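J.: This is structure.cif (mmCIF, C-alpha atoms and all ligand atoms).
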data_protein
#
loop_
_atom_site.label_atom_id
_atom_site.label_comp_id
_atom_site.auth_asym_id
_atom_site.auth_seq_id
_atom_site.Cartn_x
_atom_site.Cartn_y
_atom_site.Cartn_z
CA MET A 1 10.56 -16.58 0.09
CA PRO A 2 14.18 -15.75 0.67
CA ILE A 3 16.70 -18.18 -0.73
CA GLN A 4 19.43 -17.96 1.84
CA GLN A 5 17.59 -16.66 4.85
CA GLU A 6 15.22 -18.65 6.95
CA LEU A 7 12.03 -17.18 8.30
CA PRO A 8 12.24 -16.62 12.03
CA ASP A 9 10.71 -19.39 14.10
CA SER A 10 6.99 -19.21 14.48
CA GLY A 11 6.35 -18.31 18.08
CA PRO A 12 3.36 -17.06 19.97
CA GLY A 13 3.99 -13.66 18.42
CA SER A 14 3.86 -14.79 14.80
CA MET A 15 1.55 -17.25 13.15
CA ARG A 16 -0.52 -20.18 14.19
CA LYS A 17 -2.86 -22.52 12.43
CA GLY A 18 -6.50 -21.54 12.52
CA ALA A 19 -9.41 -23.91 12.92
CA ARG A 20 -9.97 -24.21 9.18
CA GLY A 21 -6.36 -24.89 8.36
CA THR A 22 -5.61 -21.29 7.51
CA ALA A 23 -3.27 -19.15 9.56
CA ARG A 24 -4.23 -16.00 11.41
CA ALA A 25 -1.91 -13.23 12.45
CA THR A 26 -1.92 -12.90 16.21
CA PRO A 27 -1.05 -9.71 18.07
CA THR A 28 2.46 -9.59 19.46
CA HIS A 29 1.43 -7.55 22.49
CA PRO A 30 -1.15 -7.90 25.22
CA GLN A 31 -4.13 -5.60 25.17
CA PRO A 32 -4.56 -2.79 27.70
CA PRO A 33 -6.82 -3.93 30.54
CA LEU A 34 -9.73 -1.93 29.21
CA ASN A 35 -12.98 -3.48 28.14
CA ARG A 36 -14.98 -0.29 28.05
CA PRO A 37 -14.65 2.95 26.10
CA TYR A 38 -11.46 4.86 26.84
CA ILE A 39 -9.76 8.04 25.70
CA LEU A 40 -6.37 8.67 24.18
CA GLU A 41 -5.72 12.19 25.37
CA GLY A 42 -3.27 15.02 24.86
CA ALA A 43 -1.87 14.21 21.42
CA ASN A 44 -1.66 16.20 18.23
CA VAL A 45 -4.57 14.53 16.50
CA VAL A 46 -4.51 14.78 12.70
CA LEU A 47 -8.06 15.11 11.39
CA PRO A 48 -9.26 15.78 7.81
CA THR A 49 -9.92 19.38 8.84
CA GLY A 50 -6.45 19.90 10.33
CA THR A 51 -4.43 19.05 13.40
CA VAL A 52 -6.01 19.44 16.84
CA LYS A 53 -3.42 20.14 19.51
CA ASN A 54 -3.98 18.50 22.86
CA GLY A 55 -6.74 16.50 21.20
CA ARG A 56 -8.42 13.22 22.07
CA VAL A 57 -9.59 10.09 20.32
CA ILE A 58 -12.25 7.92 21.97
CA ILE A 59 -11.96 4.18 21.42
CA ASP A 60 -15.10 2.09 21.83
CA GLY A 61 -14.48 -1.55 20.96
CA THR A 62 -13.37 -1.73 17.34
CA ARG A 63 -14.53 1.80 16.49
CA ILE A 64 -13.80 5.44 17.12
CA ALA A 65 -16.59 7.05 19.13
CA ALA A 66 -17.87 10.63 19.23
CA ASN A 67 -18.48 10.71 22.98
CA ALA A 68 -17.12 8.94 26.00
CA PRO A 69 -19.10 7.99 29.09
CA GLU A 70 -18.38 9.97 32.23
CA ASN A 71 -15.32 8.77 34.08
CA ALA A 72 -14.04 6.89 31.03
CA PRO A 73 -10.42 5.85 31.57
CA THR A 74 -7.78 7.86 29.77
CA ILE A 75 -4.33 7.12 28.43
CA ALA A 76 -2.20 10.25 28.32
CA VAL A 77 -0.34 10.56 25.02
CA ASP A 78 0.99 14.10 25.42
CA ASN A 79 3.71 15.21 23.02
CA HIS A 80 2.74 12.46 20.60
CA TRP A 81 0.97 12.40 17.25
CA LEU A 82 -2.13 10.37 16.49
CA LEU A 83 -2.67 9.66 12.79
CA PRO A 84 -5.16 7.46 11.00
CA GLY A 85 -3.82 4.00 10.12
CA PHE A 86 -1.97 3.93 6.80
CA VAL A 87 -3.51 2.47 3.63
CA ASP A 88 -1.12 0.84 1.14
CA ILE A 89 -2.58 0.16 -2.32
CA HIS A 90 0.60 -1.31 -3.82
CA ASN A 91 2.54 -3.88 -1.78
CA HIS A 92 4.12 -7.18 -2.85
CA GLY A 93 5.22 -8.55 0.52
CA GLY A 94 7.30 -8.14 3.65
CA GLY A 95 8.65 -9.92 6.69
CA GLY A 96 10.44 -12.35 4.37
CA ALA A 97 7.21 -13.37 2.64
CA SER A 98 5.83 -12.79 -0.84
CA PHE A 99 2.20 -12.10 -1.73
CA THR A 100 2.90 -13.50 -5.23
CA SER A 101 4.34 -16.87 -4.28
CA GLY A 102 4.07 -17.44 -0.53
CA THR A 103 1.75 -19.79 1.30
CA VAL A 104 -1.28 -18.42 3.15
CA GLU A 105 0.88 -18.33 6.29
CA ASP A 106 3.55 -16.39 4.45
CA VAL A 107 1.05 -13.86 3.17
CA LEU A 108 -0.38 -13.34 6.64
CA LYS A 109 3.12 -12.89 8.01
CA GLY A 110 3.83 -10.23 5.40
CA ILE A 111 0.59 -8.45 6.25
CA HIS A 112 1.39 -8.57 9.96
CA THR A 113 4.85 -7.14 9.37
CA HIS A 114 3.39 -4.14 7.56
CA ARG A 115 0.70 -3.72 10.20
CA THR A 116 3.37 -3.35 12.86
CA HIS A 117 4.71 -0.45 10.77
CA GLY A 118 1.35 1.33 10.70
CA THR A 119 -0.30 -0.10 7.57
CA THR A 120 -3.72 -1.13 8.84
CA THR A 121 -5.26 -1.51 5.37
CA LEU A 122 -3.28 -3.26 2.66
CA VAL A 123 -3.92 -4.26 -0.94
CA ALA A 124 -1.84 -7.32 -1.90
CA SER A 125 0.00 -6.91 -5.21
CA THR A 126 1.14 -9.68 -7.52
CA VAL A 127 3.95 -9.47 -10.06
CA THR A 128 3.91 -10.81 -13.61
CA GLY A 129 3.43 -14.55 -13.84
CA ASP A 130 1.77 -16.95 -16.27
CA MET A 131 -2.01 -16.65 -16.50
CA ASP A 132 -2.71 -19.97 -14.78
CA GLY A 133 -0.49 -19.04 -11.86
CA LEU A 134 -2.10 -15.62 -11.51
CA VAL A 135 -5.60 -17.10 -11.66
CA GLN A 136 -4.64 -19.51 -8.89
CA ARG A 137 -3.08 -16.68 -6.88
CA ALA A 138 -6.22 -14.61 -7.26
CA GLY A 139 -8.17 -17.45 -5.67
CA LEU A 140 -5.91 -17.58 -2.61
CA LEU A 141 -5.77 -13.81 -2.14
CA SER A 142 -9.52 -13.40 -2.63
CA GLU A 143 -10.09 -15.75 0.31
CA LEU A 144 -7.86 -13.56 2.45
CA ALA A 145 -9.83 -10.55 1.24
CA GLU A 146 -13.08 -12.22 2.23
CA GLN A 147 -11.66 -12.78 5.72
CA GLY A 148 -10.72 -9.09 5.91
CA ASP A 149 -6.97 -9.73 5.96
CA VAL A 150 -6.34 -7.77 2.76
CA ALA A 151 -8.43 -4.99 1.25
CA GLY A 152 -8.20 -6.37 -2.27
CA ILE A 153 -5.86 -7.61 -4.99
CA HIS A 154 -3.67 -5.52 -7.28
CA PHE A 155 -2.41 -7.24 -10.40
CA GLU A 156 0.79 -5.56 -11.56
CA GLY A 157 1.39 -7.19 -14.92
CA PRO A 158 1.42 -9.23 -17.05
CA PHE A 159 -0.21 -6.57 -19.28
CA ILE A 160 2.77 -4.22 -19.29
CA SER A 161 5.28 -2.92 -21.81
CA PRO A 162 8.45 -4.91 -22.52
CA CYS A 163 10.18 -1.51 -22.94
CA ARG A 164 9.38 -0.62 -19.31
CA LYS A 165 9.27 -4.02 -17.71
CA GLY A 166 11.25 -3.11 -14.59
CA ALA A 167 11.48 -6.19 -12.40
CA HIS A 168 8.94 -8.22 -14.36
CA SER A 169 9.79 -11.30 -16.41
CA GLU A 170 9.81 -10.31 -20.10
CA ALA A 171 9.00 -13.82 -21.31
CA LEU A 172 5.69 -13.74 -19.41
CA LEU A 173 4.48 -10.31 -20.55
CA ARG A 174 1.43 -10.14 -22.79
CA ASP A 175 -0.81 -7.56 -24.40
CA PRO A 176 -3.87 -6.52 -22.38
CA ASP A 177 -6.39 -8.68 -24.21
CA PRO A 178 -9.71 -7.92 -22.50
CA ALA A 179 -10.46 -11.66 -22.40
CA ASP A 180 -7.35 -12.22 -20.25
CA VAL A 181 -8.07 -9.20 -18.08
CA ARG A 182 -11.55 -10.63 -17.59
CA LYS A 183 -10.06 -13.95 -16.44
CA LEU A 184 -8.22 -12.22 -13.61
CA ILE A 185 -11.27 -10.17 -12.61
CA ASP A 186 -13.34 -13.36 -12.44
CA ALA A 187 -10.66 -15.31 -10.58
CA ALA A 188 -10.56 -12.57 -7.93
CA ARG A 189 -14.30 -13.07 -7.24
CA GLY A 190 -15.12 -9.42 -6.67
CA ARG A 191 -11.88 -8.71 -4.79
CA ALA A 192 -9.79 -7.26 -7.64
CA ALA A 193 -8.97 -3.72 -6.54
CA MET A 194 -6.59 -2.59 -9.28
CA VAL A 195 -4.81 -3.72 -12.43
CA THR A 196 -1.67 -1.95 -13.64
CA LEU A 197 -1.38 -1.98 -17.41
CA ALA A 198 0.40 -0.34 -20.32
CA THR A 199 -2.66 1.16 -21.92
CA GLU A 200 -0.94 1.90 -25.26
CA LEU A 201 -0.64 -1.82 -26.05
CA PRO A 202 -3.24 -3.57 -28.26
CA GLY A 203 -6.44 -4.03 -26.25
CA GLY A 204 -5.31 -1.49 -23.66
CA LEU A 205 -8.16 0.99 -23.92
CA ASP A 206 -10.80 -1.74 -24.14
CA SER A 207 -9.27 -3.30 -21.04
CA VAL A 208 -9.44 0.03 -19.20
CA ARG A 209 -13.14 0.25 -20.07
CA LEU A 210 -13.72 -3.33 -18.94
CA LEU A 211 -11.99 -2.73 -15.60
CA THR A 212 -13.91 0.48 -15.02
CA GLU A 213 -17.22 -1.27 -15.77
CA HIS A 214 -16.36 -3.88 -13.13
CA GLY A 215 -15.42 -1.29 -10.52
CA VAL A 216 -11.72 -2.20 -10.70
CA ILE A 217 -9.17 0.62 -10.76
CA ALA A 218 -7.29 0.82 -14.06
CA ALA A 219 -3.76 2.01 -13.26
CA ILE A 220 -1.39 3.26 -15.94
CA GLY A 221 2.11 1.93 -15.38
CA HIS A 222 5.13 0.08 -16.72
CA THR A 223 4.13 2.00 -19.83
CA ASP A 224 5.82 3.45 -22.89
CA ALA A 225 2.80 5.62 -23.77
CA THR A 226 3.03 9.09 -25.25
CA TYR A 227 1.31 12.07 -23.69
CA GLU A 228 -1.59 11.71 -26.13
CA GLN A 229 -1.99 7.98 -25.53
CA THR A 230 -2.05 8.59 -21.79
CA VAL A 231 -4.77 11.23 -22.15
CA GLN A 232 -6.82 8.67 -24.12
CA ALA A 233 -6.42 6.10 -21.36
CA ILE A 234 -7.53 8.58 -18.70
CA ASP A 235 -10.53 9.49 -20.84
CA ALA A 236 -11.31 5.76 -21.08
CA GLY A 237 -11.42 5.54 -17.27
CA ALA A 238 -7.90 5.05 -15.87
CA THR A 239 -7.57 6.81 -12.51
CA VAL A 240 -4.20 5.83 -11.03
CA ALA A 241 -0.57 6.33 -12.04
CA THR A 242 1.44 3.32 -10.88
CA HIS A 243 4.58 4.64 -9.15
CA LEU A 244 4.72 7.89 -11.10
CA PHE A 245 8.15 8.56 -12.64
CA ASN A 246 9.27 4.93 -12.30
CA ALA A 247 8.96 2.56 -15.29
CA MET A 248 7.69 5.17 -17.76
CA PRO A 249 9.16 7.71 -20.24
CA GLN A 250 10.50 10.78 -18.48
CA LEU A 251 9.23 14.33 -18.84
CA GLY A 252 10.55 15.98 -22.01
CA HIS A 253 9.87 19.45 -23.31
CA ARG A 254 8.68 18.25 -26.74
CA GLU A 255 7.56 14.83 -25.58
CA PRO A 256 5.89 15.40 -22.22
CA GLY A 257 4.94 11.71 -22.07
CA PRO A 258 2.71 10.07 -19.46
CA ILE A 259 4.04 12.05 -16.49
CA ALA A 260 2.61 15.38 -17.69
CA ALA A 261 -0.71 13.80 -18.65
CA LEU A 262 -1.05 12.01 -15.28
CA LEU A 263 -0.03 15.02 -13.22
CA GLN A 264 -2.31 17.50 -14.89
CA ASP A 265 -5.58 15.53 -14.86
CA ASP A 266 -7.71 15.93 -11.74
CA ARG A 267 -9.21 12.47 -12.23
CA VAL A 268 -5.88 10.77 -11.55
CA THR A 269 -4.22 9.82 -8.25
CA VAL A 270 -0.46 9.39 -8.53
CA GLU A 271 1.40 6.75 -6.54
CA LEU A 272 4.82 7.74 -5.18
CA ILE A 273 7.45 5.49 -3.58
CA ASN A 274 9.01 7.79 -1.00
CA ASP A 275 12.03 5.72 0.02
CA GLY A 276 14.78 8.06 -1.10
CA THR A 277 15.85 5.58 -3.79
CA HIS A 278 13.03 5.56 -6.31
CA LEU A 279 12.56 9.33 -6.40
CA HIS A 280 14.61 12.48 -5.96
CA PRO A 281 12.99 14.75 -3.33
CA ALA A 282 12.55 17.42 -6.01
CA SER A 283 10.50 15.01 -8.14
CA LEU A 284 8.29 14.32 -5.14
CA GLN A 285 7.87 18.06 -4.57
CA LEU A 286 6.99 18.55 -8.23
CA ALA A 287 4.28 15.89 -8.03
CA PHE A 288 2.82 17.31 -4.80
CA ARG A 289 2.78 20.87 -6.05
CA HIS A 290 1.31 20.00 -9.41
CA ALA A 291 -1.24 17.35 -8.46
CA GLY A 292 -1.99 18.73 -4.99
CA ALA A 293 -1.83 16.68 -1.81
CA HIS A 294 -5.34 15.31 -2.43
CA ARG A 295 -4.15 13.42 -5.53
CA VAL A 296 -1.06 11.65 -4.17
CA ALA A 297 -0.94 8.16 -2.64
CA PHE A 298 2.24 7.04 -0.95
CA ILE A 299 2.84 3.35 -1.56
CA THR A 300 5.59 0.98 -0.51
CA ASP A 301 5.79 -1.27 -3.62
CA ALA A 302 7.47 -3.41 -0.96
CA MET A 303 8.91 -6.86 -1.62
CA ASP A 304 9.73 -9.68 0.80
CA ALA A 305 12.72 -7.95 2.40
CA ALA A 306 10.62 -5.10 3.85
CA GLY A 307 10.78 -5.31 7.62
CA PHE A 308 13.12 -8.30 7.30
CA GLY A 309 16.63 -7.65 6.01
CA ASP A 310 19.24 -7.83 3.26
CA GLY A 311 19.82 -11.06 1.35
CA ARG A 312 18.72 -13.00 -1.71
CA TYR A 313 15.02 -13.24 -2.57
CA TRP A 314 12.70 -14.10 -5.43
CA LEU A 315 10.35 -11.57 -7.01
CA GLY A 316 8.06 -13.83 -9.02
CA PRO A 317 10.49 -15.82 -11.18
CA LEU A 318 13.34 -13.28 -10.90
CA GLU A 319 16.15 -13.34 -8.39
CA VAL A 320 16.74 -10.21 -6.34
CA GLU A 321 19.68 -9.10 -4.22
CA VAL A 322 18.86 -6.73 -1.36
CA ALA A 323 21.83 -4.75 -0.08
CA ASP A 324 21.59 -1.79 2.29
CA GLY A 325 17.83 -1.99 1.97
CA VAL A 326 17.83 -1.51 -1.82
CA ALA A 327 16.41 -4.38 -3.90
CA ARG A 328 17.90 -4.99 -7.34
CA LEU A 329 17.56 -7.77 -9.92
CA VAL A 330 20.66 -9.98 -9.79
CA GLU A 331 20.69 -10.23 -13.59
CA SER A 332 20.45 -6.57 -14.59
CA GLY A 333 20.75 -4.40 -11.49
CA THR A 334 17.27 -2.93 -12.14
CA ILE A 335 15.53 -1.70 -8.97
CA ALA A 336 13.11 -4.44 -7.93
CA GLY A 337 10.48 -3.01 -5.61
CA SER A 338 11.38 -1.47 -2.28
CA THR A 339 11.99 -2.48 1.32
CA LEU A 340 9.93 0.48 2.47
CA THR A 341 7.34 0.52 5.22
CA LEU A 342 4.83 3.36 5.40
CA ASP A 343 6.01 4.65 8.80
CA ARG A 344 9.35 5.38 7.13
CA ALA A 345 7.62 6.94 4.13
CA PHE A 346 5.75 9.25 6.51
CA LYS A 347 8.80 10.23 8.53
CA ARG A 348 10.77 10.96 5.38
CA ALA A 349 7.89 13.04 3.97
CA VAL A 350 7.82 15.37 6.97
CA THR A 351 11.52 15.45 7.93
CA VAL A 352 13.35 15.22 4.59
CA ASP A 353 10.73 16.45 2.11
CA HIS A 354 9.31 18.99 4.60
CA LEU A 355 5.72 18.27 3.67
CA PRO A 356 3.04 19.48 6.09
CA VAL A 357 2.00 16.58 8.34
CA GLU A 358 -1.57 16.91 7.09
CA ASP A 359 -0.49 16.49 3.44
CA ALA A 360 1.58 13.41 4.26
CA VAL A 361 -1.36 11.93 6.17
CA ALA A 362 -3.69 12.58 3.22
CA ALA A 363 -1.26 10.72 0.94
CA LEU A 364 -0.94 7.82 3.37
CA SER A 365 -4.50 7.38 4.58
CA ALA A 366 -7.41 9.41 3.21
CA ASN A 367 -6.53 9.43 -0.49
CA PRO A 368 -5.87 5.70 -0.88
CA ALA A 369 -8.92 4.91 1.29
CA LYS A 370 -11.09 7.04 -1.01
CA LEU A 371 -9.64 5.34 -4.08
CA LEU A 372 -10.59 1.95 -2.67
CA GLY A 373 -14.10 3.15 -1.82
CA MET A 374 -13.38 2.49 1.88
CA TYR A 375 -13.33 6.03 3.23
CA ASP A 376 -16.58 5.46 5.10
CA ARG A 377 -14.71 2.91 7.26
CA VAL A 378 -11.00 3.82 7.25
CA GLY A 379 -8.65 6.65 6.26
CA SER A 380 -9.41 9.23 8.96
CA LEU A 381 -9.85 9.50 12.73
CA GLU A 382 -13.58 10.17 12.68
CA PRO A 383 -16.35 8.77 14.87
CA GLY A 384 -17.93 5.62 13.49
CA LYS A 385 -14.83 4.54 11.61
CA ASP A 386 -12.59 1.61 12.49
CA ALA A 387 -10.24 2.39 15.37
CA ASP A 388 -7.17 2.17 13.12
CA LEU A 389 -4.46 4.54 14.27
CA VAL A 390 -0.77 5.19 14.41
CA LEU A 391 0.93 6.72 17.45
CA LEU A 392 4.18 8.61 16.83
CA ASP A 393 6.47 10.48 19.19
CA ALA A 394 7.48 14.11 18.69
CA ASP A 395 10.26 12.96 16.32
CA PHE A 396 7.79 10.96 14.23
CA ALA A 397 9.11 7.60 15.41
CA LEU A 398 6.44 4.90 15.56
CA LYS A 399 5.33 4.23 19.13
CA GLY A 400 2.09 2.34 18.71
CA VAL A 401 -0.29 0.84 16.16
CA MET A 402 -3.97 0.04 16.68
CA ARG A 403 -6.14 -1.85 14.23
CA LYS A 404 -9.87 -2.21 14.83
CA GLY A 405 -9.35 -1.26 18.46
CA GLU A 406 -6.56 -3.79 19.04
CA TRP A 407 -3.04 -2.62 19.83
CA LEU A 408 -0.73 -4.45 17.41
CA VAL A 409 2.17 -2.41 18.72
CA ASP A 410 1.54 -1.46 22.34
CA PRO A 411 1.78 2.24 23.08
CA GLN A 412 5.29 3.07 24.22
CA LEU A 413 5.11 6.33 26.10
CA GLY A 414 8.64 6.92 27.34
ZN ZN B 1 4.88 -3.09 -7.70
#
What does the file become when written as structure tokens?
T.:
Amino acid sequence: MPIQQELPDSGPGSMRKGARGTARATPTHPQPPLNRPYILEGANVVLPTGTVKNGRVIIDGTRIAANAPENAPTIAVDNHWLLPGFVDIHNHGGGGASFTSGTVEDVLKGIHTHRTHGTTTLVASTVTGDMDGLVQRAGLLSELAEQGDVAGIHFEGPFISPCRKGAHSEALLRDPDPADVRKLIDAARGRAAMVTLATELPGGLDSVRLLTEHGVIAAIGHTDATYEQTVQAIDAGATVATHLFNAMPQLGHREPGPIAALLQDDRVTVELINDGTHLHPASLQLAFRHAGAHRVAFITDAMDAAGFGDGRYWLGPLEVEVADGVARLVESGTIAGSTLTLDRAFKRAVTVDHLPVEDAVAALSANPAKLLGMYDRVGSLEPGKDADLVLLDADFALKGVMRKGEWLVDPQLG
């Protein structure tokens, strides 16, 4: 929660209390008057096999359909792009709300904020806290996962290196004792998606094995590991690099460190924060060229200020100042998450980084969906999958968002 700023008033477009005392995000826009299958027609449709010009996507209820009935209504979306909804596997909050400390209403507000920027599938990330607090948090977030509001929980810390702590509270860091890792897995009741850990710490490799056995992604990050130690962790089962380049030793010619190990191993997907602050465009290019577009996942690593504004916030127990959209710890000036939304990450990827649209879409949708084991339902515009899609104009500005067939941002076809 922000310290100085108040959340906007709850209105019909934000949150309301549900029947069981929990809050549900409500759409901010009315639905098109269509209760039968209809066709979005004329767009550049980005499919796993490439972009289809003047293509169509058929919406049938909550799903994408292969065929439309005769005389199905159409919405013309010429000169626009249709992409699959974005999947964010690393996100701490938004809309003024924190996934680590907010109430259920706050968390839903943060989710809704990101949805209106194209993120239709979101993993809620926590930051380092004490074990009791994290166990409690896991309980709350797992309920939201059961309701389908989040796709899972990502624990970033407390099992990270004090040398690379970033915006995590040093006093609360601890070694990755498998017994503690197990506590978080259990508290998440089958909804733990990922744990970021410094695998070189005592218990690190055993914890990687434990996570892998439980179907939880072991992510290497906030680490001081050498190249060799990183290779060991990958061999033990780690499959994700938490925000590659950030909070880890940099590439050196005699000490290649974790970056070389993570980039060169086909088993690893590398997260990148493409906000123009965390990474130089050349570093992004290096990662794409070396790993290949199929092994990159764009993330936001967003904190409360995403989609909200500058001001003072808390990130776990640490105070953060957000100025000009850049979040920094008040105490040290260390970058403290981002204020990124994935529509901006996409636009930057294609207009500043000059990535092919298809590669950016892979990094925003298909790759993270595959990592989460959800590619049979989300991550591409294919028949049978959820009707999750993002509509962009010719300049890649967001003009509509649909989730499970429901327009969360009504199509604006100026
Ligand atoms: Zn993070």
J.: Give me the residues near A:His168 as a PyMOL selection string, where near means some atom within 8 Å (using all atoms listed in the file) and where sequence neighbours in that chain fewer than 2 positions away do not count.
T.: chain A and resi 127-128+157+165-166+170+173+316+318
J.: List as a VMD selection string the protein and nucleic acid residues near stretch 227-239 of chain A, meaning an atom at most 9 Å away when all atoms listed in the file are counted, but skip any in the same chain fewer than 5 places from it.
T.: chain A and resid 199 to 200 204 to 206 208 to 209 211 to 212 217 to 220 255 to 262 265 267 to 270 371
J.: Please indicate the distance in Å from atom CA of A:Ala68 to atom CA of A:Asn35, rounded to one decimal place.
T.: 13.3 Å
J.: Quick one, how far is atom CA of A:Val77 from atom CA of A:Arg403?
T.: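 Atom CA of A:Val77 sits 17.4 Å away from atom CA of A:Arg403.
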J.: A:Val181, A:Val104, A:Met303, A:Leu144: which is nearest ligand ZN 1 (chain B), counting only C-alpha atoms and all ligand atoms?
T.: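 Among the listed residues, the smallest separation from ligand ZN 1 (chain B) belongs to A:Met303.
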J.: Give as a list of chain:residue names each residue that has an atom at most 8 Å from (-7.6, 14.8, 14.5) in the file, counting only C-alpha atoms.
T.: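 The requested residues, written out, are A:Asn44, A:Val45, A:Val46, A:Leu47, A:Pro48, A:Thr49, A:Gly50, A:Thr51, A:Val52, A:Gly55, A:Arg56, A:Val57, A:Leu82, A:Leu83, A:Leu381, A:Glu382.
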J.: Can you measure atom CA of A:Glu41 to atom CA of A:Ile75 for me? One decimal in Å is fine.
T.: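 Computing the Euclidean distance for atom CA of A:Glu41 and atom CA of A:Ile75 yields 6.1 Å.
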J.: Using only C-alpha atoms and all ligand atoms, find the one residue out of A:Arg312, A:His278, A:Lys347, A:Arg115 that sits nearest to ligand ZN 1 (chain B).
T.: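 Of A:Arg312, A:His278, A:Lys347, A:Arg115, the one nearest ligand ZN 1 (chain B) is A:His278, counting only C-alpha atoms and all ligand atoms.
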J.: What residues have any atom no more than 12 Å from ligand ZN 1 (chain B) when counting all atoms listed in the file, and can you list them as a ChimeraX atom specification?
T.: /A:88-93,98-100,123-128,153-158,160,165-168,194-197,219,221-222,241-244,246-247,271-273,278,299-304,315-316,335-340
